[in-house]
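run_31.txt (compact mmCIF, C-alpha atoms and all ligand atoms) appears below.
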# COMPACT_ATOMS: atom_id res chain seq x y z
CA MET A 19 -45.17 -9.38 -18.26
CA VAL A 20 -43.13 -9.76 -21.41
CA ALA A 21 -42.02 -6.37 -22.71
CA ALA A 22 -43.17 -5.08 -26.08
CA PRO A 23 -40.78 -5.94 -28.88
CA PRO A 24 -39.35 -2.42 -29.33
CA ASP A 25 -38.70 -2.78 -33.04
CA LEU A 26 -42.09 -4.22 -33.98
CA LEU A 27 -44.01 -0.96 -34.36
CA ARG A 28 -41.17 0.59 -36.34
CA ASP A 29 -41.15 -2.37 -38.72
CA VAL A 30 -44.94 -2.24 -39.07
CA ASP A 31 -44.71 1.42 -40.12
CA GLU A 32 -42.16 0.42 -42.72
CA ILE A 33 -44.26 -2.32 -44.30
CA LEU A 34 -47.63 -0.58 -43.92
CA PRO A 35 -47.73 0.98 -47.41
CA GLY A 36 -47.36 -2.53 -48.87
CA VAL A 37 -50.08 -3.89 -46.58
CA VAL A 38 -52.43 -1.09 -47.65
CA ALA A 39 -51.60 -1.70 -51.32
CA ASP A 40 -52.38 -5.41 -50.89
CA ARG A 41 -55.70 -4.58 -49.24
CA ARG A 42 -56.62 -2.23 -52.08
CA PHE A 43 -55.71 -4.83 -54.70
CA LEU A 44 -57.88 -7.43 -52.95
CA HIS A 45 -60.65 -4.86 -52.53
CA GLN A 46 -60.63 -4.31 -56.29
CA HIS A 47 -60.81 -8.05 -56.95
CA PRO A 48 -63.36 -9.48 -54.54
CA GLU A 49 -64.49 -13.10 -54.79
CA LEU A 50 -67.49 -14.82 -53.24
CA ALA A 51 -67.37 -17.60 -50.63
CA LEU A 52 -65.46 -20.74 -51.67
CA GLN A 53 -64.60 -19.17 -55.04
CA GLU A 54 -61.59 -17.14 -53.87
CA TYR A 55 -59.28 -18.54 -56.58
CA GLU A 56 -57.41 -15.33 -57.41
CA THR A 57 -57.20 -14.36 -53.76
CA SER A 58 -55.77 -17.79 -53.02
CA ARG A 59 -53.13 -17.41 -55.75
CA PHE A 60 -52.26 -13.94 -54.45
CA ILE A 61 -51.69 -15.33 -50.94
CA VAL A 62 -49.61 -18.26 -52.20
CA ASP A 63 -47.42 -15.87 -54.23
CA ARG A 64 -46.78 -13.69 -51.21
CA LEU A 65 -45.96 -16.62 -48.91
CA THR A 66 -43.68 -18.13 -51.53
CA GLN A 67 -41.87 -14.80 -51.94
CA LEU A 68 -41.33 -14.79 -48.18
CA GLY A 69 -39.67 -18.21 -48.42
CA PHE A 70 -42.20 -20.10 -46.31
CA ASP A 71 -41.20 -23.62 -45.19
CA GLU A 72 -44.50 -25.05 -46.29
CA VAL A 73 -47.55 -23.73 -48.16
CA ARG A 74 -50.62 -25.96 -48.44
CA THR A 75 -53.21 -24.96 -51.03
CA GLY A 76 -56.66 -25.94 -52.27
CA ILE A 77 -57.97 -26.68 -48.77
CA ALA A 78 -61.79 -26.44 -48.78
CA ASN A 79 -61.44 -25.31 -52.42
CA THR A 80 -59.40 -22.14 -52.02
CA GLY A 81 -58.01 -22.16 -48.48
CA VAL A 82 -54.29 -21.76 -47.85
CA VAL A 83 -52.18 -22.76 -44.86
CA GLY A 84 -48.62 -21.50 -44.49
CA ILE A 85 -46.24 -22.97 -41.95
CA LEU A 86 -43.33 -20.95 -40.56
CA ARG A 87 -40.95 -22.94 -38.36
CA GLY A 88 -38.98 -20.75 -35.99
CA GLY A 89 -35.28 -21.25 -35.29
CA GLN A 90 -35.94 -22.13 -31.62
CA PRO A 91 -37.98 -25.00 -30.21
CA GLY A 92 -41.45 -24.22 -28.89
CA LYS A 93 -45.18 -24.52 -29.30
CA THR A 94 -47.34 -23.96 -32.37
CA VAL A 95 -49.62 -20.96 -32.67
CA ALA A 96 -52.17 -20.43 -35.45
CA LEU A 97 -53.29 -17.08 -36.86
CA ARG A 98 -56.35 -16.89 -39.11
CA ALA A 99 -57.75 -14.51 -41.72
CA ASP A 100 -60.92 -15.01 -43.75
CA MET A 101 -60.87 -14.34 -47.50
CA ASP A 102 -64.36 -13.99 -48.96
CA ALA A 103 -66.38 -11.00 -50.19
CA LEU A 104 -70.15 -10.47 -50.32
CA PRO A 105 -72.81 -10.27 -53.06
CA ILE A 106 -73.15 -6.49 -52.70
CA ASP A 107 -72.75 -3.74 -55.31
CA GLU A 108 -70.18 -1.27 -53.99
CA GLU A 109 -71.37 2.33 -53.71
CA ASN A 110 -68.05 3.93 -52.78
CA GLU A 111 -66.37 6.14 -55.38
CA VAL A 112 -62.74 5.37 -54.55
CA GLU A 113 -59.80 4.53 -56.78
CA TYR A 114 -59.72 1.03 -55.31
CA LYS A 115 -63.45 0.40 -55.87
CA SER A 116 -64.49 -3.18 -56.64
CA THR A 117 -64.03 -4.04 -60.30
CA VAL A 118 -66.54 -6.90 -60.04
CA SER A 119 -70.13 -5.81 -60.40
CA GLY A 120 -72.31 -7.13 -57.58
CA VAL A 121 -69.39 -8.35 -55.48
CA MET A 122 -67.70 -6.33 -52.74
CA HIS A 123 -65.41 -6.72 -49.76
CA ALA A 124 -67.99 -5.17 -47.45
CA CYS A 125 -66.95 -6.97 -44.27
CA GLY A 126 -63.24 -6.18 -44.19
CA HIS A 127 -61.86 -9.62 -45.11
CA ASP A 128 -59.60 -7.93 -47.69
CA ALA A 129 -57.95 -6.13 -44.77
CA HIS A 130 -57.79 -9.38 -42.78
CA VAL A 131 -55.84 -11.13 -45.55
CA SER A 132 -53.42 -8.26 -46.14
CA MET A 133 -52.81 -7.77 -42.42
CA LEU A 134 -52.07 -11.45 -41.92
CA LEU A 135 -49.67 -11.34 -44.89
CA GLY A 136 -48.04 -8.33 -43.18
CA ALA A 137 -47.71 -10.30 -39.95
CA ALA A 138 -46.25 -13.21 -41.95
CA ARG A 139 -43.59 -10.86 -43.28
CA LEU A 140 -42.70 -9.51 -39.82
CA LEU A 141 -42.51 -12.98 -38.30
CA THR A 142 -40.44 -14.30 -41.21
CA GLU A 143 -37.93 -11.53 -40.55
CA ARG A 144 -37.74 -12.79 -36.93
CA LYS A 145 -37.71 -16.47 -37.84
CA ALA A 146 -34.28 -17.30 -36.40
CA ASP A 147 -35.29 -16.16 -32.89
CA LEU A 148 -38.85 -17.41 -33.01
CA PRO A 149 -39.44 -20.05 -30.28
CA GLY A 150 -41.89 -22.33 -32.08
CA THR A 151 -44.02 -22.62 -35.18
CA VAL A 152 -46.62 -20.25 -36.62
CA MET A 153 -49.45 -21.59 -38.76
CA PHE A 154 -51.08 -18.98 -41.01
CA ILE A 155 -54.65 -19.93 -41.91
CA PHE A 156 -56.28 -18.18 -44.88
CA GLN A 157 -59.86 -19.36 -44.71
CA PRO A 158 -62.40 -19.24 -47.52
CA GLY A 159 -66.16 -19.00 -47.14
CA GLU A 160 -66.67 -17.31 -43.80
CA GLU A 161 -69.91 -15.62 -44.88
CA GLY A 162 -72.31 -18.47 -44.17
CA ALA A 163 -70.43 -21.04 -46.26
CA GLY A 164 -68.87 -23.03 -43.41
CA GLY A 165 -65.27 -22.54 -44.58
CA ALA A 166 -63.73 -22.99 -41.13
CA LYS A 167 -65.42 -26.34 -40.56
CA LYS A 168 -64.42 -27.48 -44.05
CA MET A 169 -60.77 -26.65 -43.31
CA VAL A 170 -60.88 -28.51 -40.01
CA GLU A 171 -62.48 -31.51 -41.73
CA ALA A 172 -59.74 -31.35 -44.36
CA GLY A 173 -57.32 -31.96 -41.49
CA ILE A 174 -55.44 -28.68 -41.15
CA PHE A 175 -55.13 -29.21 -37.40
CA ASN A 176 -53.73 -32.75 -37.71
CA ASP A 177 -50.09 -31.90 -38.23
CA PRO A 178 -48.97 -29.75 -36.61
CA LYS A 179 -51.84 -29.35 -34.18
CA PRO A 180 -51.70 -25.76 -32.92
CA ASP A 181 -51.60 -25.16 -29.17
CA ALA A 182 -53.53 -21.91 -29.56
CA VAL A 183 -55.38 -20.00 -32.28
CA PHE A 184 -55.89 -16.26 -32.67
CA GLY A 185 -57.81 -14.12 -35.12
CA LEU A 186 -59.25 -10.66 -35.41
CA HIS A 187 -62.03 -8.77 -37.11
CA ILE A 188 -61.78 -5.16 -38.18
CA TRP A 189 -64.71 -3.52 -36.38
CA GLN A 190 -66.53 -0.49 -37.64
CA ASP A 191 -68.37 0.39 -34.41
CA THR A 192 -65.11 0.75 -32.52
CA PRO A 193 -62.81 3.80 -32.87
CA SER A 194 -59.91 3.32 -35.26
CA GLY A 195 -56.87 1.68 -33.70
CA VAL A 196 -58.62 0.56 -30.52
CA VAL A 197 -58.20 -3.10 -29.57
CA GLU A 198 -61.30 -4.77 -28.13
CA VAL A 199 -60.96 -8.04 -26.21
CA MET A 200 -63.52 -10.26 -24.46
CA ASP A 201 -62.67 -12.87 -21.83
CA THR A 202 -65.39 -15.30 -22.87
CA VAL A 203 -68.21 -14.79 -25.39
CA ALA A 204 -67.10 -12.67 -28.35
CA MET A 205 -69.88 -13.44 -30.84
CA SER A 206 -73.11 -15.41 -30.89
CA GLY A 207 -73.71 -18.79 -32.47
CA ILE A 208 -76.22 -19.21 -35.27
CA ASP A 209 -78.66 -21.79 -36.61
CA ALA A 210 -81.11 -21.19 -39.46
CA PHE A 211 -84.50 -22.46 -40.57
CA GLN A 212 -86.83 -22.55 -43.54
CA VAL A 213 -90.49 -23.56 -43.24
CA THR A 214 -93.27 -24.16 -45.75
CA ILE A 215 -96.86 -24.32 -44.49
CA THR A 216 -99.40 -26.03 -46.68
CA GLY A 217 -103.09 -25.28 -46.13
CA LYS A 218 -105.89 -25.12 -48.66
CA GLY A 219 -106.42 -22.15 -50.96
CA GLY A 220 -109.70 -20.61 -52.03
CA HIS A 221 -111.85 -17.50 -52.43
CA GLY A 222 -111.14 -14.64 -50.06
CA ALA A 223 -114.84 -14.39 -49.24
CA GLN A 224 -115.18 -18.10 -48.40
CA PRO A 225 -112.58 -18.72 -45.69
CA HIS A 226 -114.62 -21.60 -44.27
CA THR A 227 -113.78 -23.66 -47.34
CA THR A 228 -110.05 -23.07 -46.93
CA ILE A 229 -107.19 -23.63 -44.51
CA ASP A 230 -105.54 -20.23 -44.52
CA PRO A 231 -101.74 -20.69 -44.35
CA ILE A 232 -101.23 -16.96 -43.64
CA VAL A 233 -103.24 -17.17 -40.42
CA VAL A 234 -101.40 -20.38 -39.49
CA GLY A 235 -98.09 -18.70 -40.27
CA ALA A 236 -98.94 -15.59 -38.25
CA SER A 237 -99.79 -17.73 -35.23
CA ILE A 238 -96.50 -19.59 -35.62
CA VAL A 239 -94.49 -16.36 -35.95
CA ASN A 240 -95.93 -15.01 -32.71
CA ALA A 241 -95.34 -18.28 -30.90
CA LEU A 242 -91.72 -18.53 -32.11
CA HIS A 243 -90.94 -15.30 -30.30
CA THR A 244 -91.68 -17.05 -27.01
CA ILE A 245 -88.63 -19.31 -27.51
CA VAL A 246 -86.32 -16.58 -26.25
CA SER A 247 -88.67 -15.04 -23.69
CA ARG A 248 -89.97 -18.31 -22.18
CA SER A 249 -87.43 -21.03 -22.90
CA PHE A 250 -84.02 -19.36 -22.68
CA ASP A 251 -82.36 -18.70 -19.36
CA PRO A 252 -82.82 -14.91 -19.05
CA VAL A 253 -79.15 -14.37 -18.19
CA LEU A 254 -78.11 -15.78 -21.58
CA PRO A 255 -78.49 -13.67 -24.73
CA GLY A 256 -80.51 -15.06 -27.62
CA VAL A 257 -82.47 -13.88 -30.67
CA VAL A 258 -85.00 -15.47 -33.00
CA THR A 259 -85.46 -13.45 -36.19
CA LEU A 260 -87.67 -14.16 -39.18
CA GLY A 261 -86.06 -12.51 -42.16
CA THR A 262 -88.60 -13.61 -44.79
CA PHE A 263 -92.31 -14.39 -44.91
CA HIS A 264 -93.91 -15.00 -48.29
CA ALA A 265 -97.49 -15.90 -49.15
CA GLY A 266 -100.14 -15.10 -51.71
CA GLN A 267 -100.39 -12.97 -54.82
CA ALA A 268 -103.86 -11.41 -54.84
CA SER A 269 -105.67 -9.50 -52.13
CA ASN A 270 -108.91 -11.48 -52.56
CA VAL A 271 -107.42 -14.96 -52.71
CA ILE A 272 -106.44 -17.22 -49.83
CA PRO A 273 -103.24 -18.94 -50.96
CA ALA A 274 -102.47 -22.61 -50.52
CA THR A 275 -99.01 -22.17 -49.03
CA ALA A 276 -96.90 -19.75 -47.01
CA SER A 277 -93.20 -19.92 -46.32
CA PHE A 278 -90.81 -18.20 -43.97
CA SER A 279 -87.16 -18.37 -43.00
CA GLY A 280 -84.97 -17.00 -40.26
CA THR A 281 -82.17 -17.46 -37.78
CA VAL A 282 -81.65 -18.34 -34.14
CA ARG A 283 -78.70 -16.77 -32.26
CA PHE A 284 -77.42 -18.12 -28.98
CA VAL A 285 -74.30 -18.43 -26.88
CA GLN A 286 -74.56 -21.90 -25.32
CA PRO A 287 -75.11 -25.19 -27.18
CA GLU A 288 -77.92 -26.04 -24.71
CA GLN A 289 -79.82 -22.97 -25.92
CA ALA A 290 -79.43 -24.14 -29.52
CA ALA A 291 -80.83 -27.56 -28.59
CA VAL A 292 -83.77 -26.09 -26.65
CA ALA A 293 -84.52 -23.66 -29.48
CA ARG A 294 -84.63 -26.44 -32.06
CA GLU A 295 -86.88 -28.65 -29.95
CA ARG A 296 -89.30 -25.81 -29.15
CA PHE A 297 -89.21 -24.63 -32.76
CA GLU A 298 -90.21 -28.00 -34.13
CA SER A 299 -92.99 -28.59 -31.62
CA LEU A 300 -94.45 -25.07 -32.08
CA VAL A 301 -94.39 -25.19 -35.88
CA LEU A 302 -95.73 -28.73 -36.23
CA GLY A 303 -98.22 -28.41 -33.34
CA ILE A 304 -99.73 -25.09 -34.43
CA ALA A 305 -99.93 -26.15 -38.07
CA ALA A 306 -101.68 -29.39 -37.08
CA SER A 307 -104.13 -27.54 -34.82
CA PHE A 308 -105.35 -25.61 -37.88
CA GLY A 309 -105.44 -28.69 -40.10
CA ALA A 310 -102.39 -27.50 -42.05
CA THR A 311 -99.06 -29.23 -42.51
CA ALA A 312 -95.56 -27.81 -42.16
CA GLU A 313 -92.27 -28.85 -43.64
CA ILE A 314 -89.21 -27.74 -41.70
CA ALA A 315 -85.61 -27.49 -42.84
CA TYR A 316 -83.39 -26.67 -39.86
CA PHE A 317 -79.68 -25.96 -40.34
CA ASN A 318 -76.99 -26.13 -37.71
CA GLY A 319 -74.78 -23.12 -38.30
CA THR A 320 -71.79 -22.28 -36.16
CA PRO A 321 -71.31 -22.33 -32.41
CA ALA A 322 -70.77 -19.12 -30.46
CA THR A 323 -67.26 -17.68 -30.51
CA ILE A 324 -66.16 -18.17 -26.91
CA ASN A 325 -62.66 -17.08 -25.99
CA THR A 326 -60.34 -18.85 -23.56
CA PRO A 327 -59.70 -16.30 -20.75
CA ALA A 328 -55.95 -17.06 -20.62
CA MET A 329 -55.66 -16.51 -24.39
CA ALA A 330 -57.68 -13.27 -24.13
CA GLN A 331 -55.11 -12.20 -21.58
CA VAL A 332 -52.27 -12.82 -24.05
CA VAL A 333 -54.04 -10.53 -26.55
CA ARG A 334 -54.75 -7.91 -23.90
CA GLU A 335 -51.14 -7.86 -22.68
CA THR A 336 -49.89 -7.65 -26.26
CA GLY A 337 -52.13 -4.64 -26.91
CA ILE A 338 -51.14 -2.86 -23.71
CA ALA A 339 -47.43 -3.50 -24.27
CA LEU A 340 -47.64 -2.14 -27.83
CA PHE A 341 -50.12 0.72 -27.50
CA GLY A 342 -50.75 1.39 -23.80
CA GLU A 343 -53.81 0.79 -21.64
CA ASP A 344 -55.92 3.50 -23.30
CA ARG A 345 -55.99 1.66 -26.62
CA VAL A 346 -57.19 -1.68 -25.18
CA ILE A 347 -60.79 -1.98 -24.04
CA GLU A 348 -62.95 -4.73 -22.60
CA GLY A 349 -65.26 -5.68 -25.43
CA LYS A 350 -68.98 -6.26 -25.45
CA MET A 351 -70.30 -9.41 -27.11
CA LYS A 352 -71.21 -8.85 -30.78
CA GLY A 353 -74.59 -10.03 -32.08
CA PRO A 354 -73.32 -11.44 -35.40
CA SER A 355 -71.70 -14.86 -35.69
CA GLU A 356 -68.28 -15.95 -36.89
CA ASP A 357 -67.11 -19.41 -37.83
CA PHE A 358 -63.73 -18.82 -36.18
CA SER A 359 -65.60 -20.63 -33.39
CA GLU A 360 -65.03 -23.91 -35.26
CA PHE A 361 -61.28 -23.61 -34.65
CA MET A 362 -61.86 -22.91 -30.96
CA GLN A 363 -63.90 -26.11 -30.65
CA LEU A 364 -60.52 -27.87 -30.92
CA VAL A 365 -57.91 -25.45 -29.65
CA PRO A 366 -57.90 -22.70 -27.00
CA GLY A 367 -57.82 -19.24 -28.48
CA CYS A 368 -59.08 -15.70 -28.70
CA TYR A 369 -60.98 -13.79 -31.36
CA PHE A 370 -60.62 -10.05 -30.89
CA PHE A 371 -61.50 -6.80 -32.64
CA VAL A 372 -59.55 -3.86 -34.02
CA GLY A 373 -61.59 -0.68 -34.44
CA SER A 374 -61.69 0.94 -37.90
CA ARG A 375 -64.28 3.69 -37.41
CA ASN A 376 -63.19 7.23 -38.16
CA GLU A 377 -66.00 9.78 -38.33
CA SER A 378 -63.80 12.69 -39.38
CA LYS A 379 -62.63 10.70 -42.40
CA GLY A 380 -66.17 9.49 -43.15
CA TYR A 381 -65.61 5.80 -42.33
CA ILE A 382 -68.93 5.34 -40.57
CA TRP A 383 -70.79 2.69 -42.56
CA GLY A 384 -71.28 -0.67 -40.93
CA HIS A 385 -70.27 -4.13 -42.10
CA HIS A 386 -72.20 -5.47 -45.12
CA HIS A 387 -73.25 -1.93 -46.17
CA PRO A 388 -72.58 -0.93 -49.82
CA LYS A 389 -70.66 2.11 -48.51
CA PHE A 390 -68.57 0.12 -46.03
CA ASP A 391 -64.94 1.24 -45.99
CA ILE A 392 -62.32 1.30 -43.26
CA ASP A 393 -59.76 3.69 -41.86
CA GLU A 394 -56.66 2.00 -43.26
CA ASP A 395 -54.51 3.46 -40.47
CA ALA A 396 -56.15 0.83 -38.25
CA MET A 397 -54.34 -1.83 -40.25
CA ALA A 398 -51.08 -0.92 -38.51
CA THR A 399 -52.76 -1.89 -35.25
CA GLY A 400 -54.04 -5.13 -36.78
CA VAL A 401 -50.67 -6.20 -38.20
CA SER A 402 -48.89 -5.41 -34.93
CA MET A 403 -51.49 -7.28 -32.91
CA LEU A 404 -51.33 -10.41 -35.06
CA ALA A 405 -47.53 -10.59 -35.08
CA GLY A 406 -47.21 -9.38 -31.48
CA THR A 407 -49.75 -11.87 -30.11
CA ALA A 408 -48.07 -14.82 -31.84
CA MET A 409 -44.66 -13.75 -30.52
CA ARG A 410 -45.93 -13.14 -27.00
CA TYR A 411 -47.74 -16.47 -26.92
CA LEU A 412 -44.68 -18.41 -28.08
CA GLU A 413 -42.33 -16.52 -25.79
CA THR A 414 -44.50 -17.04 -22.69
CA GLN A 415 -44.85 -20.78 -23.48
CA ARG A 416 -41.21 -21.57 -24.15
ZN ZN A 501 -69.46 -10.37 -42.67
ZN ZN A 502 -66.56 -10.63 -41.45

Translate the structure described by the file into structure tokens.
Ligand SMILES: [Zn+2]
Ligand SMILES: [Zn+2]
Amino acid sequence: MVAAPPDLLRDVDEILPGVVADRRFLHQHPELALQEYETSRFIVDRLTQLGFDEVRTGIANTGVVGILRGGQPGKTVALRADMDALPIDEENEVEYKSTVSGVMHACGHDAHVSMLLGAARLLTERKADLPGTVMFIFQPGEEGAGGAKKMVEAGIFNDPKPDAVFGLHIWQDTPSGVVEVMDTVAMSGIDAFQVTITGKGGHGAQPHTTIDPIVVGASIVNALHTIVSRSFDPVLPGVVTLGTFHAGQASNVIPATASFSGTVRFVQPEQAAVARERFESLVLGIAASFGATAEIAYFNGTPATINTPAMAQVVRETGIALFGEDRVIEGKMKGPSEDFSEFMQLVPGCYFFVGSRNESKGYIWGHHHPKFDIDEDAMATGVSMLAGTAMRYLETQR
């Protein structure tokens, strides 16, 4: 095993106040997916101040890629942070509260950006001895906007093509400062759907003259829940959730249409394919059996985030070398999805988690909650893990 760089934690402590200040600035100025213009400028300024060899901007609208070429020959490793905030009105009363009404960094992407900028600073200071190249990816539009795929399509992996990619998410269910790593599946994949059923409206007392889209819809909803229980291999996790169902306006009227939407979560692409096929045949078949019609819009989201075991091991060893075995735990797959998976379609890598929960300080609210806030002390762990993992990877590959 490569030993922990002895000076790394000391240097992290030194730069941490700046990292926290950056996070608070970004927290005050949140921007929605693919509109992160100020955030993008902020990142470019920082990288330019650090004297980066190359800074590419405007990728997928607001994405930024910084390239740091080490003084020694070696491989290329990519580190990624996502940049976007959410359409949520912040309910925290803190001095760094969001200044934009209805927009909030409620997932922790403000911390991701500032931690990656911190890692960029630490690695720049070690540039002369660095055996290889580090690509810093600042990705817009993670929250359902497909930012990762857009960056890949824009060619960020063409030159240089990284040999490995790493990223982390601050995680509010995990104790502050604990590093959580999975060998394979880290997060589920997601597809989404939207359906409109058209029947025939009429008087609530004369159902025989109508085709009731609510009854059709209810039958479809029940049947859709058999996709997981009857069509997925029971050893593989999966979820079908309907998040909306809308129909009708009056209690004594049978409406003409009903509509619903939802998501399918899965880990394997075969599950996604089976789910789509079963979905379409259930919706169309049941609607037809009632004499109704159904219009389906089905959206391919992102694949599951599946780590490469050897890359998970690099993260694990980095964590143990820096913080000891007690601070590194074997993670459990997370139900939500993450488009970091798009990068790992092309390059081996690992997406891991750094705990930010601190009950005694009151940081207990989950991601996407209007009271979400993190224990900023965890950011020292995040910065060290990003810089440490890149260094360890390059050193073990030289
Ligand atoms: Zn989120
Ligand atoms: Zn997130």

I need the residue nearest ligand ZN 501 (chain A) from this list: A:Gln289, A:Ser355, A:Thr151, A:Ser374. Use only C-alpha atoms and all ligand atoms for the distance.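 That would be A:Ser355, the residue with the smallest distance to ligand ZN 501 (chain A).
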
Among the residues A:Met122, A:Ile272, A:Ile77, A:Val365, the one that comes closest to Met329 in chain A [using only C-alpha atoms]: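 Closest to Met329 in chain A, using only C-alpha atoms: A:Val365.
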
Looking at A:Ile33, A:Ile188, A:Met153, A:Cys125, which one is nearest to ligand ZN 501 (chain A), with distances taken over all atoms listed in the file?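 Of A:Ile33, A:Ile188, A:Met153, A:Cys125, the one nearest ligand ZN 501 (chain A) is A:Cys125, counting all atoms listed in the file.
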
Dump the neighbourhood of ligand ZN 502 (chain A) as a list in words: all residues within 8 Å, distances computed on all atoms listed in the file.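 Checking all atoms listed in the file against ligand ZN 502 (chain A) at 8 Å gives Asp100, Cys125, Gly126, His127, Glu160, Glu161, His187, Ile188, Glu356 and His385 of chain A.
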
Counting all atoms listed in the file, the option among A:Ala405, A:Met169, A:Val38, A:Ala210 closest to Gln157 in chain A: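 Under the stated criterion, the closest residue is A:Met169.
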
Could you tell me which of A:Gly162, A:Pro321, A:Gly185, A:Gly406 comes closest to ligand ZN 501 (chain A) if we count all atoms listed in the file?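 Going through A:Gly162, A:Pro321, A:Gly185, A:Gly406 one by one, the smallest distance to ligand ZN 501 (chain A) is for A:Gly162.
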